[in-house]
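Asks: One structure is given below, represented as structure tokens, and several questions about it will come after.
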Amino acid sequence: MGMTDFTDILVADKGQSAHDIHLVDSDSFKAWLNGQPGRIRTMVEAQKFTGKAHEIAILSGDKADEWSVLAGVSSLKTLKSWCLAKAAGNLPEGKYRLADEIDAGDAMLGWLLAHYGFDRYKKSDNETGKRQLLVSNPGRIDAMQIEAGATALVRDLVNTPAEDMGPDQLEKTAKRLSKDYKAELTVTRGDDLEQGYPMIHAVGRAAKRDHAPRLLELEWGNKKHPRVAIVGKGVCFDSGGLDIKSAVGMRLMKKDMGGAAHALALAEIIMASGLPIRLHMLVPAVENAVAGNAFRPGDVLTSRAGHSVEIGNTDAEGRLVLGDALTKACEDTPELIIDFATLTGAARVALGPDLPAMFANNDDLAGGLLEGGKAVHDPIWQMPLWDTYIEYLSSDIADIGNSGGGFGGAIQAALFLKKFVSGDTEWAHFDTFAWRPAARPGQTKGGEALGLRATWKYLQGRYAK
């Protein structure tokens, strides 16, 4: 599964014939309307256009093919990522440009992603062509296409049902990346995990016959460059294990590999953009299934790091596979680790679906990620690594438990992961939903990249030449 093709949607403006898009916001609309002839004012009023964001009106010209578009945005001062997405998704096929020499800027991303659709299983009777946007800043086109393609990759991977998106398919995606960018891929699979990665093996062994667990490791870049590890939770389906979920709780568990999707997509952005780092991507890919050999509540597992872990709940499995992966990442002494995981329902209760919970063991790192999210309109929210709550994970018979009740569940999970990160390694953890429950312009219902572009913006600022 490759990146969605977004070529020929953004095109350098060389004076081609195109329909103008006039932009207004709520502050400028009244003055704009007063300056128009009566014919235009009548058309605008007839289409109930009021100047609000995402509103669109068609303005006819003197000839049939000379019509233009009036579009509302939240602010003319800064065009945000999604402000043109409604127009791009609803206008007829053709060429368009922003009037008054306005630079589309970040809004190019929304224009691209308005063309995204997940149509692998469903026939569409409403096939539409491309709406090309002629842009005055063509130097940003390649970067925007890479970001849009990575976002689409997350969506595609998460939207695909578990029958067609198991550990094998995640490995195929990693193989495609290794081939496209001349990266080195190492796969540790099945019973080979038992000694080196015992928690990954324990979680995935019940599905070994059809969906063998594995650790995917991809390395790329100059070894002299700063080493950065990107880790993603790849639980391709989560039944809850023997602590089985309800039918309702299991319905969306195809998305439990959303962290892996983010890691793979971020790796692609990094490699496609040539960021000067030594990249180490790790994805523990498993299915948490029910079988006679499934790991059990009350079992004690020994992790790669040597910590003993008592299993209080087999549905708290994501932190187990991440623990072994984080340990491996630290063994190669990176200066930075960032992990993505659809880890806890507690984070969704606290912050809802839009805001990934971000934890970090370094204030400068946390601040940089927050600023990155603001800059590219990919909001994230910092949560505390409140060390006192580690007491909820205490065990009478092991070094730590994997679950500890309902108080501060997202914090507990982050503190569990922190135990597997070397003390002097900068580390950030994203507890992301990877799913959008309702569609918005440019943002389809279903799998979604949340925190991906914020992280990429931060990495660019830290490492780009």
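Naming works like this for the structure tokens: A, B, ... for the chains as they're shown, residue 1 at the start of each chain, ligands 1 onward in shown order.
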Residues at most 12 Å from Gly274 of chain A, counting only C-alpha atoms, excluding those fewer than 3 positions away in the same chain, as a list in words?
Replies: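 Skipping anything fewer than 3 positions along the chain leaves Ala143, Ile146, Tyr181, Lys182, Trp220, Gly221, Asn222, His225, Ala267, Glu268, Ile269, Ile270, Met271, Ile277, Arg278, Leu279, Leu459, Gln460, Tyr463, Ala464 and Lys465 of chain A.
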Asks: Quick one: residues within 9 Å of segment 156-172 of chain A, only C-alpha atoms, excluding same-chain residues fewer than 4 positions away - as a VMD selection string?
Replies: chain A and resid 1 3 to 4 117 to 118 120 151 to 152 176 to 177 187 211 to 214 216 234 to 237 253 to 258 260 to 261 264 283 to 287 434 to 435 446 to 448
Asks: Find the residues around Gly312 of chain A up to 10 Å (only C-alpha atoms counted), leave out those fewer than 3 positions away in its own chain, and share them as an MDAnalysis selection string.
Replies: chainID A and resid 243 296:300 309 315:316 393 395 401:405
Asks: Among the residues of segment 104-202 of chain A, find those DSSP assigns to strand (DSSP E or B) from the backbone and print them as a CSV table (one decimal) with N, CA and C atoms, in the first residue's frame.
Replies:
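selection.csv, freshly written:
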chain,number,residue,atom,x,y,z
A,131,ARG,N,-9.6,18.9,-8.8
A,131,ARG,CA,-9.8,20.4,-8.8
A,131,ARG,C,-8.4,20.9,-8.6
A,132,GLN,N,-7.8,21.4,-9.6
A,132,GLN,CA,-6.4,21.9,-9.6
A,132,GLN,C,-6.4,23.3,-9.0
A,133,LEU,N,-5.4,23.6,-8.1
A,133,LEU,CA,-5.2,24.9,-7.6
A,133,LEU,C,-3.8,25.4,-8.1
A,134,LEU,N,-3.9,26.6,-8.8
A,134,LEU,CA,-2.7,27.2,-9.3
A,134,LEU,C,-2.1,28.1,-8.1
A,135,VAL,N,-0.9,27.8,-7.8
A,135,VAL,CA,-0.3,28.4,-6.6
A,135,VAL,C,0.8,29.3,-6.9
A,184,GLU,N,17.3,-0.1,5.6
A,184,GLU,CA,17.5,-1.5,6.0
A,184,GLU,C,16.3,-2.0,6.9
A,185,LEU,N,15.7,-3.1,6.6
A,185,LEU,CA,14.6,-3.6,7.3
A,185,LEU,C,15.0,-4.9,8.0
A,186,THR,N,14.8,-5.0,9.3
A,186,THR,CA,15.0,-6.2,10.1
A,186,THR,C,13.7,-6.7,10.7
A,187,VAL,N,13.3,-7.9,10.5
A,187,VAL,CA,12.1,-8.5,11.1
A,187,VAL,C,12.4,-9.6,12.0
A,188,THR,N,12.0,-9.6,13.2
A,188,THR,CA,12.1,-10.7,14.2
A,188,THR,C,10.7,-11.2,14.4
A,189,ARG,N,10.4,-12.5,14.1
A,189,ARG,CA,9.1,-13.0,13.9
A,189,ARG,C,8.8,-14.3,14.7
Asks: If we count only C-alpha atoms and set the cut-off at 7 Å, which residues sit around Ala148 of chain A, ignoring sequence neighbours fewer than 6 positions away in its own chain? Please answer as a list of chain:residue names.
Replies: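 Answer for this query is A:Leu109, A:Leu112, A:Leu113.
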Asks: Could you please take those selected residues and save N, CA, C and O atoms as a PDB file, in the first residue's frame?
Replies:
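To be explicit, this is the file written out as out_36.pdb:
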ATOM      1  N   LEU A 109      -2.603  22.086   1.980  1.00  0.00           N
ATOM      2  CA  LEU A 109      -2.765  20.735   2.514  1.00  0.00           C
ATOM      3  C   LEU A 109      -4.231  20.307   2.476  1.00  0.00           C
ATOM      4  O   LEU A 109      -4.560  19.200   2.029  1.00  0.00           O
ATOM      5  N   LEU A 112      -5.426  19.499  -0.980  1.00  0.00           N
ATOM      6  CA  LEU A 112      -5.005  18.164  -1.400  1.00  0.00           C
ATOM      7  C   LEU A 112      -5.870  17.085  -0.753  1.00  0.00           C
ATOM      8  O   LEU A 112      -6.390  16.185  -1.434  1.00  0.00           O
ATOM      9  N   LEU A 113      -6.031  17.155   0.567  1.00  0.00           N
ATOM     10  CA  LEU A 113      -6.700  16.072   1.281  1.00  0.00           C
ATOM     11  C   LEU A 113      -8.207  16.056   1.049  1.00  0.00           C
ATOM     12  O   LEU A 113      -8.863  15.056   1.367  1.00  0.00           O
TER      13      LEU A 113
END
Asks: Kindly indicate which residue among A:Thr432, A:Thr327, A:Ser394, A:Ser136 lies nearest to Trp381 of chain A, using only C-alpha atoms for the distances.
Replies: A:Thr432
Asks: Skip Pro37 of chain A itself and residues of its chain fewer than 5 positions away, then list as a VMD selection string all residues within 12 Å of it, counting only C-alpha atoms.
Replies: chain A and resid 32 42 to 44 59 61
Asks: Could those selected residues go to a file with C-alpha atoms, as a CSV table (one decimal), in the first residue's frame?
Replies:
chain,number,residue,atom,x,y,z
A,32,TRP,CA,-16.5,43.4,0.1
A,42,THR,CA,-28.2,39.5,-5.4
A,43,MET,CA,-26.4,36.2,-6.3
A,44,VAL,CA,-24.6,36.2,-2.9
A,59,LEU,CA,-20.6,34.2,-9.0
A,61,GLY,CA,-19.6,36.3,-15.2
Asks: Looking at A:Pro138, A:Gly373, A:Gly38, A:Gly408, which one is nearest to Arg348 of chain A, with distances taken over only C-alpha atoms?
Replies: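 Residue with the minimum atom-to-atom distance to Arg348 of chain A: A:Gly408.
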Asks: For Ala360 of chain A, which of A:Glu391, A:Asp27, A:Asp378, A:Glu426 is the closest residue, counting only C-alpha atoms?
Replies: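 The answer is A:Glu426, which sits nearest to Ala360 of chain A.
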Asks: Compile the contact shell of Gly105 of chain A as a list of chain:residue names: residues with an atom at most 10 Å away, counting only C-alpha atoms, same-chain residues fewer than 3 positions apart removed.
Replies: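 Listing them by chain and then by number gives A:Thr78, A:Leu79, A:Lys80, A:Ser81, A:Ile102, A:Met108, A:Leu109, A:Val135, A:Ser136, A:Asn137, A:Arg140, A:Ile141, A:Met144.
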Asks: If you run DSSP on the backbone here, which positions in segment 1-78 of chain A get alpha helix (DSSP H)? Please write them as an NGL selection string.
Replies: :A and (29-34 or 38-46)
